[in-house]
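Shown next: run-v3.cif, given as mmCIF, C-alpha atoms.
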data_input
loop_
_atom_site.label_atom_id
_atom_site.label_comp_id
_atom_site.auth_asym_id
_atom_site.auth_seq_id
_atom_site.Cartn_x
_atom_site.Cartn_y
_atom_site.Cartn_z
CA MET A 1452 9.01 26.04 65.87
CA ASN A 1453 9.44 24.92 69.46
CA ALA A 1454 9.72 21.19 70.10
CA PRO A 1455 7.42 19.67 72.68
CA ASP A 1456 8.71 18.99 76.17
CA LEU A 1457 10.36 15.56 76.20
CA SER A 1458 10.62 15.31 79.97
CA GLY A 1459 7.34 13.40 80.13
CA LEU A 1460 8.44 10.54 77.88
CA ASN A 1461 7.59 7.10 79.19
CA THR A 1462 10.27 4.49 79.81
CA PRO A 1463 9.64 2.33 76.68
CA THR A 1464 9.90 5.38 74.39
CA ILE A 1465 13.12 6.46 76.08
CA ILE A 1466 14.50 2.96 75.54
CA VAL A 1467 13.56 3.10 71.84
CA PHE A 1468 15.31 6.47 71.42
CA ALA A 1469 18.37 5.11 73.25
CA VAL A 1470 18.59 2.02 71.05
CA LEU A 1471 18.15 4.13 67.90
CA GLY A 1472 20.97 6.35 69.08
CA LEU A 1473 23.12 3.28 69.69
CA MET A 1474 22.34 2.01 66.19
CA SER A 1475 23.41 5.30 64.66
CA ILE A 1476 26.70 5.16 66.59
CA ILE A 1477 27.30 1.57 65.45
CA SER A 1478 26.54 2.48 61.84
CA ILE A 1479 28.94 5.43 61.90
CA SER A 1480 31.65 3.37 63.61
CA VAL A 1481 31.41 0.52 61.11
CA THR A 1482 31.45 3.00 58.21
CA PHE A 1483 34.67 4.62 59.42
CA TYR A 1484 36.19 1.21 60.17
CA LYS A 1485 35.42 -0.20 56.72
CA THR A 1486 36.66 2.94 54.98
CA PHE A 1487 39.95 2.76 56.89
CA GLN A 1488 40.18 -1.00 56.34
CA PHE A 1489 39.66 -0.70 52.58
CA GLY A 1490 42.36 1.95 52.39
CA ARG A 1491 44.79 -0.16 54.41
CA MET A 1492 44.08 -3.27 52.31
CA GLY A 1493 44.51 -1.36 49.06
CA VAL A 1494 41.02 -1.93 47.73
CA GLY A 1495 40.46 -0.39 44.31
CA LYS A 1496 44.13 -0.04 43.36
CA ALA A 1497 43.71 -1.66 39.97
CA GLY A 1498 46.27 0.47 38.12
CA LYS A 1499 49.31 -1.02 39.88
CA ALA A 1500 47.92 -4.54 39.47
CA GLU A 1501 47.42 -3.96 35.77
CA GLN A 1502 51.05 -2.89 35.44
CA ILE A 1503 52.18 -6.00 37.30
CA LEU A 1504 50.09 -8.17 35.00
CA GLN A 1505 51.47 -6.43 31.88
CA ASP A 1506 55.02 -7.08 33.08
CA TRP A 1507 54.17 -10.73 33.65
CA LEU A 1508 52.54 -11.21 30.27
CA GLY A 1509 55.33 -9.25 28.61
CA GLY A 1510 57.96 -11.71 29.78
CA ARG A 1511 59.27 -9.61 32.68
CA ALA A 1512 58.41 -12.24 35.27
CA ASP A 1513 61.03 -11.22 37.82
CA GLU A 1514 59.87 -7.60 37.84
CA ALA A 1515 56.22 -8.65 38.06
CA PHE A 1516 56.84 -11.06 40.93
CA LYS A 1517 58.93 -8.49 42.81
CA ALA A 1518 56.20 -5.84 42.48
CA ALA A 1519 53.48 -8.30 43.50
CA SER A 1520 55.55 -9.38 46.52
CA GLU A 1521 55.27 -5.86 47.93
CA ARG A 1522 51.63 -6.82 48.68
CA LYS A 1523 50.36 -3.25 48.65
CA SER A 1524 46.87 -4.09 47.40
CA VAL A 1525 44.32 -6.87 47.31
CA LEU A 1526 44.96 -7.54 43.64
CA SER A 1527 48.74 -7.64 44.01
CA ARG A 1528 48.48 -10.19 46.83
CA VAL A 1529 46.25 -12.40 44.70
CA LEU A 1530 48.62 -12.08 41.76
CA GLN A 1531 51.54 -13.04 43.99
CA SER A 1532 49.76 -16.29 44.85
CA VAL A 1533 49.06 -17.00 41.19
CA PHE A 1534 52.66 -16.27 40.18
CA SER A 1535 53.94 -18.53 42.97
CA GLY A 1536 51.77 -21.36 41.72
CA LEU A 1537 52.88 -20.89 38.12
CA GLN A 1538 56.54 -20.85 39.11
CA ALA A 1539 56.21 -23.85 41.40
CA ARG A 1540 54.29 -25.95 38.87
CA PRO A 1541 54.64 -24.47 35.37
CA ASN A 1542 52.74 -27.35 33.77
CA SER A 1543 49.81 -27.20 36.19
CA PRO A 1544 47.78 -23.99 35.72
CA GLU A 1545 45.02 -25.50 37.86
CA PHE A 1546 47.35 -25.35 40.85
CA ALA A 1547 48.06 -21.64 40.30
CA GLU A 1548 44.38 -20.92 39.80
CA GLU A 1549 43.52 -22.68 43.06
CA LEU A 1550 46.17 -20.71 44.96
CA GLY A 1551 44.80 -17.50 43.51
CA ARG A 1552 41.25 -18.37 44.48
CA GLN A 1553 42.31 -19.26 48.01
CA ALA A 1554 44.06 -15.90 48.35
CA ALA A 1555 40.99 -14.20 46.92
CA LEU A 1556 38.72 -15.89 49.47
CA VAL A 1557 40.92 -14.64 52.31
CA GLU A 1558 40.83 -11.08 50.96
CA LEU A 1559 37.09 -11.10 50.28
CA SER A 1560 36.40 -12.52 53.74
CA SER A 1561 38.21 -9.56 55.30
CA MET A 1562 36.42 -7.11 53.01
CA THR A 1563 32.95 -8.45 53.85
CA SER A 1564 33.54 -8.59 57.61
CA ARG A 1565 31.08 -6.47 59.64
CA MET A 1566 28.92 -5.81 56.58
CA ARG A 1567 26.22 -7.88 58.25
CA VAL A 1568 26.11 -5.26 61.02
CA LEU A 1569 25.11 -2.57 58.54
CA GLU A 1570 22.47 -4.85 57.02
CA THR A 1571 21.04 -5.45 60.49
CA VAL A 1572 20.80 -1.71 61.15
CA VAL A 1573 19.04 -1.17 57.81
CA GLN A 1574 16.43 -3.80 58.66
CA ALA A 1575 16.02 -3.13 62.38
CA ALA A 1576 16.00 0.68 62.58
CA PRO A 1577 12.64 1.24 60.77
CA MET A 1578 10.99 -1.55 62.77
CA LEU A 1579 12.28 -0.10 66.02
CA GLY A 1580 11.12 3.37 65.00
CA LEU A 1581 7.67 2.00 64.23
CA LEU A 1582 7.59 0.27 67.60
CA GLY A 1583 8.36 3.58 69.26
CA THR A 1584 5.52 5.22 67.36
CA VAL A 1585 3.06 2.53 68.39
CA ILE A 1586 4.15 2.81 72.02
CA GLY A 1587 3.82 6.59 71.89
CA MET A 1588 0.38 6.48 70.28
CA ILE A 1589 -0.84 3.96 72.85
CA ASP A 1590 0.40 6.23 75.60
CA ALA A 1591 -1.24 9.29 74.03
CA PHE A 1592 -4.61 7.64 73.60
CA ALA A 1593 -4.38 6.15 77.08
CA THR A 1594 -4.05 9.69 78.38
CA LEU A 1595 -7.07 10.69 76.31
CA ALA A 1596 -9.14 7.74 77.52
CA THR A 1597 -8.42 8.25 81.22
CA ALA A 1598 -8.82 12.03 81.21
CA ASP A 1599 -11.74 13.53 83.11
CA GLY A 1600 -13.22 16.35 81.11
CA THR A 1601 -11.22 18.34 78.59
CA VAL A 1602 -7.76 17.10 77.56
CA ASP A 1603 -4.97 19.60 77.05
CA PRO A 1604 -4.39 19.56 73.23
CA ALA A 1605 -0.74 20.49 73.74
CA LEU A 1606 -0.20 17.42 75.90
CA LEU A 1607 -1.84 15.14 73.34
CA ALA A 1608 0.00 16.73 70.41
CA GLY A 1609 3.30 16.43 72.25
CA GLY A 1610 2.76 12.73 72.77
CA ILE A 1611 1.96 12.19 69.09
CA TRP A 1612 4.96 14.30 68.04
CA THR A 1613 7.39 12.26 70.12
CA ALA A 1614 5.80 9.05 68.85
CA LEU A 1615 6.20 9.96 65.18
CA THR A 1616 9.74 11.20 65.79
CA THR A 1617 10.89 7.65 66.51
CA THR A 1618 9.72 6.50 63.08
CA ALA A 1619 11.43 9.46 61.40
CA ALA A 1620 14.65 8.74 63.28
CA GLY A 1621 14.50 5.04 62.42
CA LEU A 1622 13.91 5.73 58.73
CA ALA A 1623 16.71 8.31 58.60
CA ILE A 1624 19.21 5.93 60.20
CA ALA A 1625 18.15 3.08 57.90
CA LEU A 1626 18.36 5.20 54.73
CA VAL A 1627 21.82 6.59 55.45
CA THR A 1628 23.10 3.15 56.44
CA TYR A 1629 21.55 1.63 53.31
CA PHE A 1630 23.39 4.03 51.00
CA VAL A 1631 26.66 3.46 52.87
CA ALA A 1632 26.24 -0.34 52.72
CA THR A 1633 25.41 -0.16 49.01
CA TRP A 1634 28.54 1.89 48.34
CA LEU A 1635 30.73 -0.54 50.29
CA GLU A 1636 29.16 -3.59 48.65
CA GLY A 1637 29.73 -1.99 45.24
CA ARG A 1638 33.43 -1.65 46.01
CA ILE A 1639 33.58 -5.27 47.17
CA GLU A 1640 31.82 -6.50 44.04
CA GLY A 1641 34.13 -4.43 41.83
CA GLU A 1642 37.15 -5.94 43.56
CA ARG A 1643 35.72 -9.44 43.16
CA GLN A 1644 35.30 -8.95 39.41
CA SER A 1645 38.82 -7.54 39.09
CA ILE A 1646 40.21 -10.56 40.96
CA GLU A 1647 38.44 -12.99 38.63
CA THR A 1648 39.70 -11.15 35.57
CA LEU A 1649 43.30 -10.92 36.76
CA ILE A 1650 43.52 -14.58 37.81
CA SER A 1651 42.26 -15.69 34.41
CA ALA A 1652 44.53 -13.29 32.52
CA ALA A 1653 47.62 -14.21 34.51
CA ILE A 1654 47.14 -17.92 33.82
CA HIS A 1655 45.60 -18.04 30.37
CA GLY A 1656 46.64 -14.71 28.88
CA ARG A 1657 44.56 -11.74 27.86
CA VAL A 1658 42.32 -11.52 24.83
CA ASP A 1659 43.17 -8.66 22.46
CA ALA A 1660 39.92 -6.68 22.21
CA GLU A 1661 40.95 -5.07 18.92
CA ALA A 1662 41.77 -8.43 17.35
CA THR A 1663 38.50 -9.98 18.40
CA GLY A 1664 36.54 -6.94 17.23
#

Translate the structure of the given file into structure tokens.
Amino acid sequence: MNAPDLSGLNTPTIIVFAVLGLMSIISISVTFYKTFQFGRMGVGKAGKAEQILQDWLGGRADEAFKAASERKSVLSRVLQSVFSGLQARPNSPEFAEELGRQAALVELSSMTSRMRVLETVVQAAPMLGLLGTVIGMIDAFATLATADGTVDPALLAGGIWTALTTTAAGLAIALVTYFVATWLEGRIEGERQSIETLISAAIHGRVDAEATG
């Protein structure tokens, strides 16, 4: 199927297409940035953190602190702060917990940076696509209203086609960005829960699931 000639697009429709294209570029750029950032920060590396915690709870404090000091993941950096607090003030677990939470806030702040950009694209892209459709339909019916005699159906159909294309483009951009944002937010939430669990376990110990069952 041949696409209609787009050379006759009016200026507002061209602007809408341009902004939609810019939104798609921004969405892709933020996706690659966050993926690289999460990898560099060590998001999701729970296995190493669990080993560090086991060493700590097993009485191998020096080994645990040394491994945490390598700071290769979000969880290890948080554990390092907790261990530092426990060593500095052994009789004040509240101090260690506060240090751990402060470290967690720093990590989570970095992880959530630029997520608002993706949320903006999800909300704005469909609205912008709809605006392009409305502009295109107005232009098409204006052509129909001002025509003397018979209107070329191909010209009218081309105008409607280009108008509806903006909505399709906006929805496609929003949907893809939505799934990406949901995936990233899921990783952030998983890391937040792991942080809470590790801070509590490092300070208060870990409940034996088999014993409680």

Expand the PyMOL selection byres ((chain A and resi 1635) around 10) into the explicit residue set it covers here, and present it as a compact mmCIF listing (two decimals) with C-alpha atoms, in the coordinates of the input.
# COMPACT_ATOMS: atom_id res chain seq x y z
CA THR A 1482 31.45 3.00 58.21
CA LYS A 1485 35.42 -0.20 56.72
CA THR A 1486 36.66 2.94 54.98
CA PHE A 1489 39.66 -0.70 52.58
CA MET A 1562 36.42 -7.11 53.01
CA THR A 1563 32.95 -8.45 53.85
CA MET A 1566 28.92 -5.81 56.58
CA TYR A 1629 21.55 1.63 53.31
CA PHE A 1630 23.39 4.03 51.00
CA VAL A 1631 26.66 3.46 52.87
CA ALA A 1632 26.24 -0.34 52.72
CA THR A 1633 25.41 -0.16 49.01
CA TRP A 1634 28.54 1.89 48.34
CA GLU A 1636 29.16 -3.59 48.65
CA GLY A 1637 29.73 -1.99 45.24
CA ARG A 1638 33.43 -1.65 46.01
CA ILE A 1639 33.58 -5.27 47.17
CA GLU A 1640 31.82 -6.50 44.04
CA GLY A 1641 34.13 -4.43 41.83

Enumerate, as a PyMOL selection string, the residues matched when the PyMOL selection byres ((chain A and resi 1583) around 7) is run on the file above.
chain A and resi 1464+1467+1579-1582+1584-1587+1614+1617-1618

Using only C-alpha atoms, determine which residues lie at most 12 Å from His1655 of chain A, disregarding the query and same-chain residues fewer than 3 positions distant; provide the list as a ChimeraX atom specification.
/A:1504,1507-1508,1533,1537,1543-1545,1547-1548,1648-1652,1658

Written file, previous selection with C-alpha atoms, as a PDB file, keeping the file's coordinate frame:
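Below is the file that was written, out_0.pdb:
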ATOM      1  CA  LEU A1504      50.090  -8.170  35.000  1.00  0.00           C
ATOM      2  CA  TRP A1507      54.170 -10.730  33.650  1.00  0.00           C
ATOM      3  CA  LEU A1508      52.540 -11.210  30.270  1.00  0.00           C
ATOM      4  CA  VAL A1533      49.060 -17.000  41.190  1.00  0.00           C
ATOM      5  CA  LEU A1537      52.880 -20.890  38.120  1.00  0.00           C
ATOM      6  CA  SER A1543      49.810 -27.200  36.190  1.00  0.00           C
ATOM      7  CA  PRO A1544      47.780 -23.990  35.720  1.00  0.00           C
ATOM      8  CA  GLU A1545      45.020 -25.500  37.860  1.00  0.00           C
ATOM      9  CA  ALA A1547      48.060 -21.640  40.300  1.00  0.00           C
ATOM     10  CA  GLU A1548      44.380 -20.920  39.800  1.00  0.00           C
ATOM     11  CA  THR A1648      39.700 -11.150  35.570  1.00  0.00           C
ATOM     12  CA  LEU A1649      43.300 -10.920  36.760  1.00  0.00           C
ATOM     13  CA  ILE A1650      43.520 -14.580  37.810  1.00  0.00           C
ATOM     14  CA  SER A1651      42.260 -15.690  34.410  1.00  0.00           C
ATOM     15  CA  ALA A1652      44.530 -13.290  32.520  1.00  0.00           C
ATOM     16  CA  VAL A1658      42.320 -11.520  24.830  1.00  0.00           C
TER      17      VAL A1658
END

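Summary of the local environment: counting only C-alpha atoms, residues at most 7 Å from Val1494 of chain A, other than itself and those fewer than 5 positions away along its chain, are Phe1489, Ser1524, Val1525 and Glu1642 of chain A.
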
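Closest to Glu1549 of chain A among A:Ser1645, A:Ser1561, A:Thr1613, A:Ser1535 is A:Ser1535, based on only C-alpha atoms.
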
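Computed from the coordinates, the atom CA of Val1627 of chain A to atom CA of Ser1564 of chain A distance equals 19.3 Å.
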
For Leu1615 of chain A, which residue among A:Ala1497, A:Tyr1484, A:Phe1468, A:Gly1490 is the nearest when counting all atoms listed in the file?
A:Phe1468
